[in-house]
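Here's start_31.pdb, which has PDB, C-alpha atoms:
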```
ATOM      1  CA  MET A  12       2.121  37.866 -33.849
ATOM      2  CA  ALA A  13      -1.496  38.973 -33.617
ATOM      3  CA  ASP A  14      -4.363  36.842 -34.904
ATOM      4  CA  SER A  15      -7.871  37.772 -33.791
ATOM      5  CA  LYS A  16      -9.162  34.538 -35.368
ATOM      6  CA  ILE A  17      -7.887  32.376 -32.489
ATOM      7  CA  LYS A  18     -10.905  30.403 -31.306
ATOM      8  CA  ARG A  19      -9.675  26.830 -30.709
ATOM      9  CA  ILE A  20      -6.574  26.214 -28.630
ATOM     10  CA  GLY A  21      -4.657  23.122 -27.555
ATOM     11  CA  VAL A  22      -2.762  22.663 -24.283
ATOM     12  CA  LEU A  23       0.005  20.168 -23.570
ATOM     13  CA  THR A  24       2.611  19.408 -20.929
ATOM     14  CA  SER A  25       6.099  18.482 -22.062
ATOM     15  CA  GLY A  26       9.423  17.412 -20.562
ATOM     16  CA  GLY A  27       9.775  16.548 -16.890
ATOM     17  CA  ASP A  28       6.612  16.686 -14.806
ATOM     18  CA  ALA A  29       6.341  19.312 -12.080
ATOM     19  CA  PRO A  30       3.840  19.817  -9.232
ATOM     20  CA  GLY A  31       1.451  22.539 -10.319
ATOM     21  CA  MET A  32       1.162  21.504 -13.962
ATOM     22  CA  ASN A  33      -2.408  20.387 -13.305
ATOM     23  CA  ALA A  34      -3.215  23.776 -11.803
ATOM     24  CA  ALA A  35      -1.887  25.391 -14.995
ATOM     25  CA  ILE A  36      -3.972  23.054 -17.196
ATOM     26  CA  ARG A  37      -7.039  23.881 -15.116
ATOM     27  CA  ALA A  38      -6.399  27.604 -15.471
ATOM     28  CA  VAL A  39      -5.918  27.371 -19.239
ATOM     29  CA  VAL A  40      -9.174  25.437 -19.639
ATOM     30  CA  ARG A  41     -11.336  27.532 -17.344
ATOM     31  CA  SER A  42      -9.980  30.932 -18.332
ATOM     32  CA  GLY A  43     -10.037  29.864 -21.974
ATOM     33  CA  LEU A  44     -13.733  29.018 -21.699
ATOM     34  CA  TYR A  45     -14.314  32.344 -19.951
ATOM     35  CA  HIS A  46     -12.797  34.116 -22.978
ATOM     36  CA  GLY A  47     -15.004  32.153 -25.363
ATOM     37  CA  LEU A  48     -12.297  29.757 -26.600
ATOM     38  CA  GLU A  49     -12.639  26.041 -27.235
ATOM     39  CA  VAL A  50      -9.875  24.173 -25.395
ATOM     40  CA  TYR A  51      -8.415  20.813 -26.383
ATOM     41  CA  GLY A  52      -6.110  18.713 -24.232
ATOM     42  CA  ILE A  53      -3.165  17.014 -25.953
ATOM     43  CA  ARG A  54      -1.947  13.894 -24.180
ATOM     44  CA  ARG A  55       1.746  12.885 -23.930
ATOM     45  CA  GLY A  56       3.205  16.222 -25.038
ATOM     46  CA  TYR A  57       4.569  16.625 -28.540
ATOM     47  CA  GLU A  58       4.484  12.858 -29.025
ATOM     48  CA  GLY A  59       0.729  12.971 -28.489
ATOM     49  CA  LEU A  60       0.408  15.933 -30.853
ATOM     50  CA  LEU A  61       2.119  13.889 -33.571
ATOM     51  CA  ASP A  62      -0.221  10.958 -32.899
ATOM     52  CA  GLY A  63      -3.383  13.070 -32.716
ATOM     53  CA  GLU A  64      -4.159  12.283 -29.053
ATOM     54  CA  ILE A  65      -6.358  15.358 -28.802
ATOM     55  CA  ASN A  66      -9.693  15.709 -26.999
ATOM     56  CA  GLN A  67     -11.916  18.654 -26.163
ATOM     57  CA  MET A  68     -11.937  19.725 -22.518
ATOM     58  CA  ASN A  69     -14.525  21.478 -20.382
ATOM     59  CA  ASN A  70     -14.896  22.680 -16.800
ATOM     60  CA  HIS A  71     -15.646  19.159 -15.621
ATOM     61  CA  SER A  72     -12.446  17.868 -17.284
ATOM     62  CA  VAL A  73     -10.343  19.809 -14.798
ATOM     63  CA  SER A  74     -12.404  19.402 -11.642
ATOM     64  CA  ASN A  75     -10.448  18.237  -8.583
ATOM     65  CA  ILE A  76      -7.021  18.294 -10.243
ATOM     66  CA  ILE A  77      -5.555  21.480  -8.747
ATOM     67  CA  ASN A  78      -4.306  19.535  -5.712
ATOM     68  CA  ARG A  79      -2.747  16.682  -7.693
ATOM     69  CA  GLY A  80       0.921  16.344  -8.568
ATOM     70  CA  GLY A  81       2.138  15.214 -11.976
ATOM     71  CA  THR A  82       0.074  15.988 -15.058
ATOM     72  CA  VAL A  83      -3.306  14.554 -16.051
ATOM     73  CA  LEU A  84      -2.363  15.128 -19.688
ATOM     74  CA  LEU A  85       0.756  12.991 -19.229
ATOM     75  CA  THR A  86       4.145  13.938 -20.651
ATOM     76  CA  ALA A  87       6.716  12.335 -22.915
ATOM     77  CA  ARG A  88       9.789  13.100 -24.968
ATOM     78  CA  SER A  89       9.655  12.755 -28.741
ATOM     79  CA  LYS A  90      12.661  12.028 -30.940
ATOM     80  CA  GLU A  91      10.635  12.620 -34.083
ATOM     81  CA  PHE A  92       9.508  16.061 -32.963
ATOM     82  CA  SER A  93      13.144  17.121 -32.547
ATOM     83  CA  THR A  94      13.529  16.982 -36.348
ATOM     84  CA  PRO A  95      12.273  19.603 -38.847
ATOM     85  CA  GLU A  96      10.096  16.922 -40.438
ATOM     86  CA  GLY A  97       8.572  16.100 -37.072
ATOM     87  CA  VAL A  98       7.757  19.743 -36.347
ATOM     88  CA  ALA A  99       6.102  20.079 -39.752
ATOM     89  CA  ARG A 100       4.025  16.943 -39.159
ATOM     90  CA  ALA A 101       3.008  18.205 -35.704
ATOM     91  CA  LYS A 102       1.806  21.467 -37.227
ATOM     92  CA  GLY A 103      -0.124  19.463 -39.802
ATOM     93  CA  MET A 104      -1.840  17.492 -37.031
ATOM     94  CA  ALA A 105      -2.822  20.747 -35.320
ATOM     95  CA  GLU A 106      -4.382  21.817 -38.618
ATOM     96  CA  ILE A 107      -6.319  18.549 -38.888
ATOM     97  CA  PHE A 108      -7.905  19.291 -35.498
ATOM     98  CA  ARG A 109      -8.326  22.952 -36.527
ATOM     99  CA  LEU A 110      -6.293  24.220 -33.577
ATOM    100  CA  ASP A 111      -5.608  27.934 -33.965
ATOM    101  CA  ALA A 112      -2.978  28.099 -31.199
ATOM    102  CA  LEU A 113      -1.080  26.018 -28.670
ATOM    103  CA  VAL A 114      -0.263  26.512 -24.983
ATOM    104  CA  VAL A 115       2.917  24.623 -24.014
ATOM    105  CA  ILE A 116       3.623  23.970 -20.326
ATOM    106  CA  GLY A 117       7.231  22.941 -19.714
ATOM    107  CA  GLY A 118      10.854  24.046 -19.697
ATOM    108  CA  ASP A 119      13.377  25.419 -22.176
ATOM    109  CA  GLY A 120      13.311  22.277 -24.338
ATOM    110  CA  SER A 121       9.538  22.477 -24.563
ATOM    111  CA  PHE A 122       9.761  26.169 -25.431
ATOM    112  CA  ARG A 123      12.224  25.448 -28.256
ATOM    113  CA  GLY A 124       9.645  23.093 -29.720
ATOM    114  CA  ALA A 125       6.960  25.758 -29.341
ATOM    115  CA  ARG A 126       9.214  28.308 -31.021
ATOM    116  CA  ASP A 127       9.767  25.955 -33.975
ATOM    117  CA  LEU A 128       6.007  25.548 -34.388
ATOM    118  CA  HIS A 129       5.574  29.310 -34.153
ATOM    119  CA  ARG A 130       8.147  29.813 -36.898
ATOM    120  CA  LEU A 131       5.989  27.607 -39.110
ATOM    121  CA  GLY A 132       2.982  29.802 -38.422
ATOM    122  CA  LEU A 133       1.241  28.124 -35.471
ATOM    123  CA  PRO A 134       0.566  30.684 -32.705
ATOM    124  CA  VAL A 135       1.974  29.556 -29.327
ATOM    125  CA  ILE A 136       2.271  30.618 -25.695
ATOM    126  CA  GLY A 137       4.782  29.041 -23.288
ATOM    127  CA  ILE A 138       4.242  28.524 -19.554
ATOM    128  CA  PRO A 139       7.402  27.848 -17.464
ATOM    129  CA  ALA A 140       7.138  24.627 -15.458
ATOM    130  CA  THR A 141      10.165  22.825 -14.035
ATOM    131  CA  ILE A 142      11.282  22.044 -10.502
ATOM    132  CA  ASP A 143      14.802  23.175 -11.461
ATOM    133  CA  ASN A 144      13.835  26.882 -11.688
ATOM    134  CA  ASP A 145      16.428  27.207 -14.440
ATOM    135  CA  ILE A 146      14.455  29.106 -17.091
ATOM    136  CA  GLY A 147      16.325  32.343 -17.738
ATOM    137  CA  CYS A 148      13.343  34.550 -18.512
ATOM    138  CA  SER A 149      11.405  33.851 -15.314
ATOM    139  CA  ASP A 150      12.270  34.388 -11.667
ATOM    140  CA  TYR A 151      10.014  31.480 -10.773
ATOM    141  CA  THR A 152       8.862  28.267 -12.419
ATOM    142  CA  ILE A 153       5.952  25.970 -11.579
ATOM    143  CA  GLY A 154       6.975  23.117  -9.275
ATOM    144  CA  TYR A 155      10.013  24.758  -7.713
ATOM    145  CA  ASP A 156       8.484  25.550  -4.329
ATOM    146  CA  THR A 157       6.922  22.107  -3.926
ATOM    147  CA  ALA A 158      10.197  20.390  -4.788
ATOM    148  CA  MET A 159      12.087  22.493  -2.256
ATOM    149  CA  ASN A 160       9.594  21.652   0.460
ATOM    150  CA  THR A 161       9.901  17.953  -0.362
ATOM    151  CA  VAL A 162      13.692  18.198  -0.069
ATOM    152  CA  LYS A 163      13.473  20.212   3.141
ATOM    153  CA  GLU A 164      11.290  17.557   4.767
ATOM    154  CA  ALA A 165      13.676  14.810   3.663
ATOM    155  CA  ILE A 166      16.694  16.686   5.054
ATOM    156  CA  ASP A 167      14.952  17.149   8.399
ATOM    157  CA  ARG A 168      14.333  13.394   8.619
ATOM    158  CA  ILE A 169      17.863  12.525   7.524
ATOM    159  CA  LYS A 170      19.251  14.934  10.112
ATOM    160  CA  ASP A 171      17.362  13.082  12.861
ATOM    161  CA  THR A 172      19.061   9.784  12.062
ATOM    162  CA  ALA A 173      22.445  11.404  11.366
ATOM    163  CA  SER A 174      22.266  12.963  14.828
ATOM    164  CA  SER A 175      21.277   9.683  16.478
ATOM    165  CA  HIS A 176      24.236   7.833  14.947
ATOM    166  CA  GLU A 177      26.742  10.732  14.938
ATOM    167  CA  ARG A 178      27.164  10.501  11.181
ATOM    168  CA  CYS A 179      27.656  12.674   8.144
ATOM    169  CA  SER A 180      25.048  12.377   5.410
ATOM    170  CA  VAL A 181      25.630  13.515   1.845
ATOM    171  CA  VAL A 182      22.285  14.296   0.201
ATOM    172  CA  GLU A 183      22.021  14.605  -3.579
ATOM    173  CA  VAL A 184      19.175  16.783  -4.823
ATOM    174  CA  MET A 185      17.803  17.380  -8.319
ATOM    175  CA  GLY A 186      18.102  20.524 -10.395
ATOM    176  CA  ARG A 187      19.743  19.326 -13.603
ATOM    177  CA  ASN A 188      22.571  21.821 -14.225
ATOM    178  CA  ALA A 189      21.242  24.382 -11.748
ATOM    179  CA  GLY A 190      21.827  24.557  -8.002
ATOM    180  CA  TYR A 191      18.758  26.524  -6.893
ATOM    181  CA  ILE A 192      17.119  23.641  -5.041
ATOM    182  CA  ALA A 193      20.452  22.693  -3.472
ATOM    183  CA  ILE A 194      21.469  26.110  -2.147
ATOM    184  CA  ASN A 195      18.054  27.077  -0.787
ATOM    185  CA  CYS A 196      17.462  23.702   0.853
ATOM    186  CA  GLY A 197      20.999  23.736   2.193
ATOM    187  CA  ILE A 198      20.277  26.996   3.987
ATOM    188  CA  ALA A 199      16.797  25.901   5.089
ATOM    189  CA  GLY A 200      18.099  22.537   6.305
ATOM    190  CA  GLY A 201      21.098  23.896   8.191
ATOM    191  CA  ALA A 202      23.634  22.019   6.055
ATOM    192  CA  GLU A 203      27.337  22.231   6.867
ATOM    193  CA  ALA A 204      28.168  22.585   3.172
ATOM    194  CA  CYS A 205      26.286  22.966  -0.099
ATOM    195  CA  ILE A 206      27.879  22.182  -3.456
ATOM    196  CA  VAL A 207      26.337  23.712  -6.591
ATOM    197  CA  PRO A 208      27.411  23.608 -10.258
ATOM    198  CA  GLU A 209      27.459  27.411 -10.499
ATOM    199  CA  LYS A 210      30.575  27.686  -8.319
ATOM    200  CA  HIS A 211      33.799  25.705  -8.391
ATOM    201  CA  PHE A 212      34.472  23.924  -5.136
ATOM    202  CA  ASP A 213      37.476  22.378  -3.418
ATOM    203  CA  VAL A 214      36.714  19.275  -1.344
ATOM    204  CA  ASP A 215      39.200  20.082   1.399
ATOM    205  CA  GLU A 216      38.335  23.766   1.694
ATOM    206  CA  ASP A 217      34.586  23.676   1.095
ATOM    207  CA  VAL A 218      33.607  20.327   2.636
ATOM    208  CA  ILE A 219      36.271  18.743   4.848
ATOM    209  CA  LYS A 220      37.272  21.944   6.622
ATOM    210  CA  PRO A 221      33.670  22.942   7.561
ATOM    211  CA  ILE A 222      33.020  19.440   8.924
ATOM    212  CA  LEU A 223      36.183  19.528  11.041
ATOM    213  CA  SER A 224      35.437  23.063  12.245
ATOM    214  CA  CYS A 225      31.956  21.995  13.353
ATOM    215  CA  ARG A 226      33.331  18.869  15.013
ATOM    216  CA  ASN A 227      35.921  20.914  16.911
ATOM    217  CA  ALA A 228      33.095  23.162  18.095
ATOM    218  CA  GLY A 229      31.336  20.145  19.593
ATOM    219  CA  LYS A 230      29.026  19.031  16.806
ATOM    220  CA  HIS A 231      28.655  15.307  16.049
ATOM    221  CA  HIS A 232      26.443  15.104  12.946
ATOM    222  CA  TYR A 233      26.705  16.810   9.565
ATOM    223  CA  ILE A 234      24.634  17.338   6.429
ATOM    224  CA  ILE A 235      26.243  17.991   3.035
ATOM    225  CA  ILE A 236      23.999  18.946   0.091
ATOM    226  CA  ASN A 237      25.255  18.030  -3.371
ATOM    227  CA  ALA A 238      23.472  19.170  -6.542
ATOM    228  CA  GLU A 239      22.992  16.504  -9.213
ATOM    229  CA  GLY A 240      24.677  18.802 -11.759
ATOM    230  CA  VAL A 241      27.907  18.406  -9.786
ATOM    231  CA  GLY A 242      27.637  14.624  -9.462
ATOM    232  CA  GLY A 243      30.088  12.340  -7.696
ATOM    233  CA  THR A 244      27.962  11.955  -4.560
ATOM    234  CA  LEU A 245      29.231   8.473  -3.658
ATOM    235  CA  GLU A 246      32.856   9.466  -4.254
ATOM    236  CA  LEU A 247      32.411  12.590  -2.128
ATOM    237  CA  ALA A 248      31.061  10.516   0.764
ATOM    238  CA  GLU A 249      34.071   8.191   0.540
ATOM    239  CA  GLN A 250      36.470  11.154   0.683
ATOM    240  CA  ILE A 251      34.704  12.624   3.702
ATOM    241  CA  GLN A 252      34.862   9.371   5.631
ATOM    242  CA  GLN A 253      38.482   8.749   4.682
ATOM    243  CA  LYS A 254      39.690  12.246   5.580
ATOM    244  CA  THR A 255      37.617  12.886   8.726
ATOM    245  CA  GLY A 256      37.031   9.407  10.107
ATOM    246  CA  VAL A 257      33.311  10.245  10.403
ATOM    247  CA  LYS A 258      30.935   7.496   9.284
ATOM    248  CA  THR A 259      29.367   8.908   6.100
ATOM    249  CA  THR A 260      26.235   7.797   4.263
ATOM    250  CA  THR A 261      24.596   8.950   1.028
ATOM    251  CA  THR A 262      20.989   9.677   0.119
ATOM    252  CA  ILE A 263      20.004  10.340  -3.486
ATOM    253  CA  LEU A 264      16.494  11.762  -3.264
ATOM    254  CA  GLY A 265      15.682  11.212  -6.933
ATOM    255  CA  HIS A 266      12.274  11.599  -8.522
ATOM    256  CA  GLN A 267      10.302  11.906  -5.299
ATOM    257  CA  GLN A 268      11.233  15.583  -5.619
ATOM    258  CA  ARG A 269       8.922  15.873  -8.636
ATOM    259  CA  GLY A 270       5.909  14.366  -6.919
ATOM    260  CA  GLY A 271       3.406  15.374  -4.293
ATOM    261  CA  SER A 272       0.549  17.809  -3.945
ATOM    262  CA  PRO A 273       1.656  21.300  -5.057
ATOM    263  CA  THR A 274       2.101  24.038  -2.486
ATOM    264  CA  VAL A 275      -0.039  27.167  -2.376
ATOM    265  CA  ARG A 276       2.724  29.105  -4.147
ATOM    266  CA  ASP A 277       2.838  26.639  -7.020
ATOM    267  CA  ARG A 278      -0.940  26.457  -7.345
ATOM    268  CA  VAL A 279      -1.282  30.234  -7.445
ATOM    269  CA  ALA A 280       1.674  30.794  -9.803
ATOM    270  CA  ALA A 281       0.390  28.103 -12.169
ATOM    271  CA  SER A 282      -3.107  29.583 -12.092
ATOM    272  CA  LEU A 283      -1.827  33.077 -12.883
ATOM    273  CA  PHE A 284       0.366  31.773 -15.708
ATOM    274  CA  GLY A 285      -2.502  29.799 -17.252
ATOM    275  CA  ALA A 286      -4.912  32.719 -17.048
ATOM    276  CA  LYS A 287      -2.339  35.064 -18.610
ATOM    277  CA  ALA A 288      -1.715  32.638 -21.482
ATOM    278  CA  THR A 289      -5.377  32.495 -22.504
ATOM    279  CA  GLU A 290      -5.797  36.229 -21.996
ATOM    280  CA  LEU A 291      -3.027  36.792 -24.548
ATOM    281  CA  LEU A 292      -4.468  34.343 -27.065
ATOM    282  CA  ALA A 293      -7.962  35.771 -26.694
ATOM    283  CA  ALA A 294      -6.455  39.164 -27.541
ATOM    284  CA  GLY A 295      -4.801  37.700 -30.635
ATOM    285  CA  ILE A 296      -1.293  37.800 -29.162
ATOM    286  CA  SER A 297       1.070  34.818 -29.510
ATOM    287  CA  GLY A 298       4.714  33.868 -29.870
ATOM    288  CA  ARG A 299       5.158  34.704 -26.190
ATOM    289  CA  VAL A 300       6.304  33.119 -22.954
ATOM    290  CA  VAL A 301       4.608  34.132 -19.723
ATOM    291  CA  ALA A 302       7.022  34.685 -16.848
ATOM    292  CA  MET A 303       7.306  36.018 -13.333
ATOM    293  CA  ARG A 304       9.346  39.102 -12.452
ATOM    294  CA  GLY A 305       9.218  39.708  -8.744
ATOM    295  CA  GLU A 306       5.549  39.097  -7.962
ATOM    296  CA  SER A 307       4.280  40.261 -11.359
ATOM    297  CA  VAL A 308       3.301  38.018 -14.272
ATOM    298  CA  ILE A 309       4.618  39.368 -17.568
ATOM    299  CA  ASP A 310       5.077  38.077 -21.105
ATOM    300  CA  LEU A 311       8.086  38.132 -23.409
ATOM    301  CA  ASP A 312       8.803  37.306 -27.035
ATOM    302  CA  ILE A 313       9.603  33.597 -27.210
ATOM    303  CA  GLU A 314      12.843  34.163 -29.153
ATOM    304  CA  GLU A 315      14.015  36.675 -26.551
ATOM    305  CA  ALA A 316      12.965  34.387 -23.707
ATOM    306  CA  LEU A 317      15.022  31.489 -25.047
ATOM    307  CA  SER A 318      18.126  33.680 -25.357
ATOM    308  CA  MET A 319      18.040  34.689 -21.688
ATOM    309  CA  THR A 320      20.141  33.059 -18.962
ATOM    310  CA  LYS A 321      19.901  33.016 -15.188
ATOM    311  CA  THR A 322      22.777  33.444 -12.750
ATOM    312  CA  MET A 323      22.878  32.479  -9.094
ATOM    313  CA  ASP A 324      23.340  35.204  -6.518
ATOM    314  CA  GLU A 325      26.851  34.796  -5.065
ATOM    315  CA  GLY A 326      25.550  36.290  -1.835
ATOM    316  CA  LEU A 327      23.244  33.316  -1.397
ATOM    317  CA  ILE A 328      26.198  30.923  -1.516
ATOM    318  CA  GLU A 329      28.215  33.066   0.884
ATOM    319  CA  THR A 330      25.318  33.334   3.314
ATOM    320  CA  GLY A 331      25.015  29.553   3.349
ATOM    321  CA  LYS A 332      28.680  29.264   4.313
ATOM    322  CA  ILE A 333      28.425  31.866   7.058
ATOM    323  CA  LEU A 334      25.337  30.309   8.651
ATOM    324  CA  SER A 335      26.791  26.812   8.600
ATOM    325  CA  LEU A 336      29.852  27.784  10.631
ATOM    326  CA  TYR A 337      28.735  30.422  13.118
TER     327      TYR A 337
END
```

Please lay out the structure from this file as structure tokens.
Amino acid sequence: MADSKIKRIGVLTSGGDAPGMNAAIRAVVRSGLYHGLEVYGIRRGYEGLLDGEINQMNNHSVSNIINRGGTVLLTARSKEFSTPEGVARAKGMAEIFRLDALVVIGGDGSFRGARDLHRLGLPVIGIPATIDNDIGCSDYTIGYDTAMNTVKEAIDRIKDTASSHERCSVVEVMGRNAGYIAINCGIAGGAEACIVPEKHFDVDEDVIKPILSCRNAGKHHYIIINAEGVGGTLELAEQIQQKTGVKTTTTILGHQQRGGSPTVRDRVAASLFGAKATELLAAGISGRVVAMRGESVIDLDIEEALSMTKTMDEGLIETGKILSLY
């Protein structure tokens, strides 16, 4: 869709927060102003859009936020917006504030909401932001690198105490139904085994056997990474202890993985995404999702973007196994 009349745009963050969202907001505001657009911040995602929590933003509004985790616009989930009536009311609220277009920062669920608004005639641009890195159209999503570094640091600390007590530690990491955080942090953290939802696993073959092989080679502490999409972390720890006799503990890292100051990679990616979004709107282009392919920022039709899926490289899983045993 092209609409050269786009002059006033809104920006919101939706779904789970991710480090780097503030950098994306900052980029949308500052690059939007550069292109001569008025920019309005919408608090609490689609819920805030329904309630009219909309305020104009300027350069000062986004000063000193690029280094902050979370989102200054806040985020929420809205049951009402998930209905056709809710989407229609949200579009009506955008019209009350005379918003010509919307920039949505979030994941697939947020993009589906943006697509529904677009189908009703409200121009939109989506920016991929989720620590899970599970958006099919983009090689990279805002927050992913920061989350992995948080997990890596936690694994290093857990390994210190596991080594001191000659224990096995099963560490559950986030990622929803994707294992990207798990497999990369498993390799980076020197884990003995990494379990991801993308590949079926056998406890004896993929967990117990590697632990025993490492023990027979003289090792006395072990790290097992389990993705939250697999689940059963406590039960897995019980099986390990029962079958190997090794004292086994569990650590569920939880929402700390979403927090913290974003890394350079996340700040830069978010900034490029935000600048691209406003560049498109200023040119009268909407109904798109910005994405990363390799090191390039591109844009795709939002319908096409939502139909795309992402698959994990089998070689990554195999490499993790090789490095853990040899």

Expected residue set, 10 Å radius at (17.8, 28.0, 0.4), all atoms listed in the file, as a ChimeraX atom specification: /A:159,163,190-201,205,327-328,330-331

Answer key for the PyMOL selection byres ((chain A and resi 98) around 10), residues as a ChimeraX atom specification: /A:57,60-61,91-97,99-104,124-125,127-128,131

All residues 6 Å or closer to stretch 242-249 of chain A, all atoms listed in the file, same chain fewer than 3 positions away omitted, as a PDB file with C-alpha atoms, in the coordinates of the input:
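Just written: around.pdb:
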```pdb
ATOM      1  CA  GLU A 239      22.992  16.504  -9.213  1.00  0.00           C
ATOM      2  CA  GLN A 252      34.862   9.371   5.631  1.00  0.00           C
ATOM      3  CA  THR A 259      29.367   8.908   6.100  1.00  0.00           C
TER       4      THR A 259
END
```

Among listed residues A:Asp156, A:Asp143, A:Arg187, A:Asp213, nearest A:Gln250 (using all atoms listed in the file):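 So, comparing all the options, the nearest one is A:Asp213.
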
Using the chain letters and numbers from this file, what does the PyMOL selection byres ((chain A and resi 170) around 8) select? Give the answer as a CSV table (one decimal) with C-alpha atoms, keeping the file's coordinate frame.
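Written file, result38.csv:
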```
chain,number,residue,atom,x,y,z
A,166,ILE,CA,16.7,16.7,5.1
A,167,ASP,CA,15.0,17.1,8.4
A,168,ARG,CA,14.3,13.4,8.6
A,169,ILE,CA,17.9,12.5,7.5
A,171,ASP,CA,17.4,13.1,12.9
A,172,THR,CA,19.1,9.8,12.1
A,173,ALA,CA,22.4,11.4,11.4
A,174,SER,CA,22.3,13.0,14.8
A,180,SER,CA,25.0,12.4,5.4
A,232,HIS,CA,26.4,15.1,12.9
A,233,TYR,CA,26.7,16.8,9.6
A,234,ILE,CA,24.6,17.3,6.4
```

Shortest interatomic distance to A:Ile17 - which of A:Val50, A:Lys230, A:Glu329, A:Arg304, counting only C-alpha atoms: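 Closest to A:Ile17 of all the choices is A:Val50.
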
Output of the PyMOL selection byres ((chain A and resi 278-294) around 7), listed as a PyMOL selection string: chain A and resi 15+17+31-32+34-36+38-39+42-43+46+77+136+138+153+273-277+295-297+301

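You can rank A:Leu317, A:Val214, A:Leu48, A:Ile146 by their closest distance to A:Lys18 using all atoms listed in the file, and at the top of that list sits A:Leu48.
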
Nearest-residue call for A:Lys254, choices A:Arg88, A:Ile222, A:Phe122, A:Arg299, using only C-alpha atoms: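 Of all the options, A:Ile222 lies closest to A:Lys254.
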
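With only the atoms specified (only C-alpha atoms) counting, those residues at most 8 Å away from (24.2, 19.9, -9.0) are Glu183, Val184, Met185, Gly186, Arg187, Asn188, Ala189, Gly190, Ala193, Ile206, Val207, Pro208, Asn237, Ala238, Glu239, Gly240, Val241 and Gly242 of chain A.
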
Hey, can I get the axis-aligned box for stretch 237-252 of chain A? All listed atoms, 4 Å padding on each side, centre and edge lengths in Å to one decimal, as AutoDock Vina command-line options.
```
--center_x 29.7 --center_y 13.7 --center_z -3.1 --size_x 21.5 --size_y 19.0 --size_z 25.4
```

Distance criterion (all atoms listed in the file): nearest to A:His71 out of A:Asp119, A:Gly59, A:Ile53, A:Arg37: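 The shortest atom-to-atom distance to A:His71 comes from A:Arg37.
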
Spatial neighbours of A:Leu110, 6 Å, only C-alpha atoms, chain gap at least 4 places, as a ChimeraX atom specification: /A:19-20,105-106
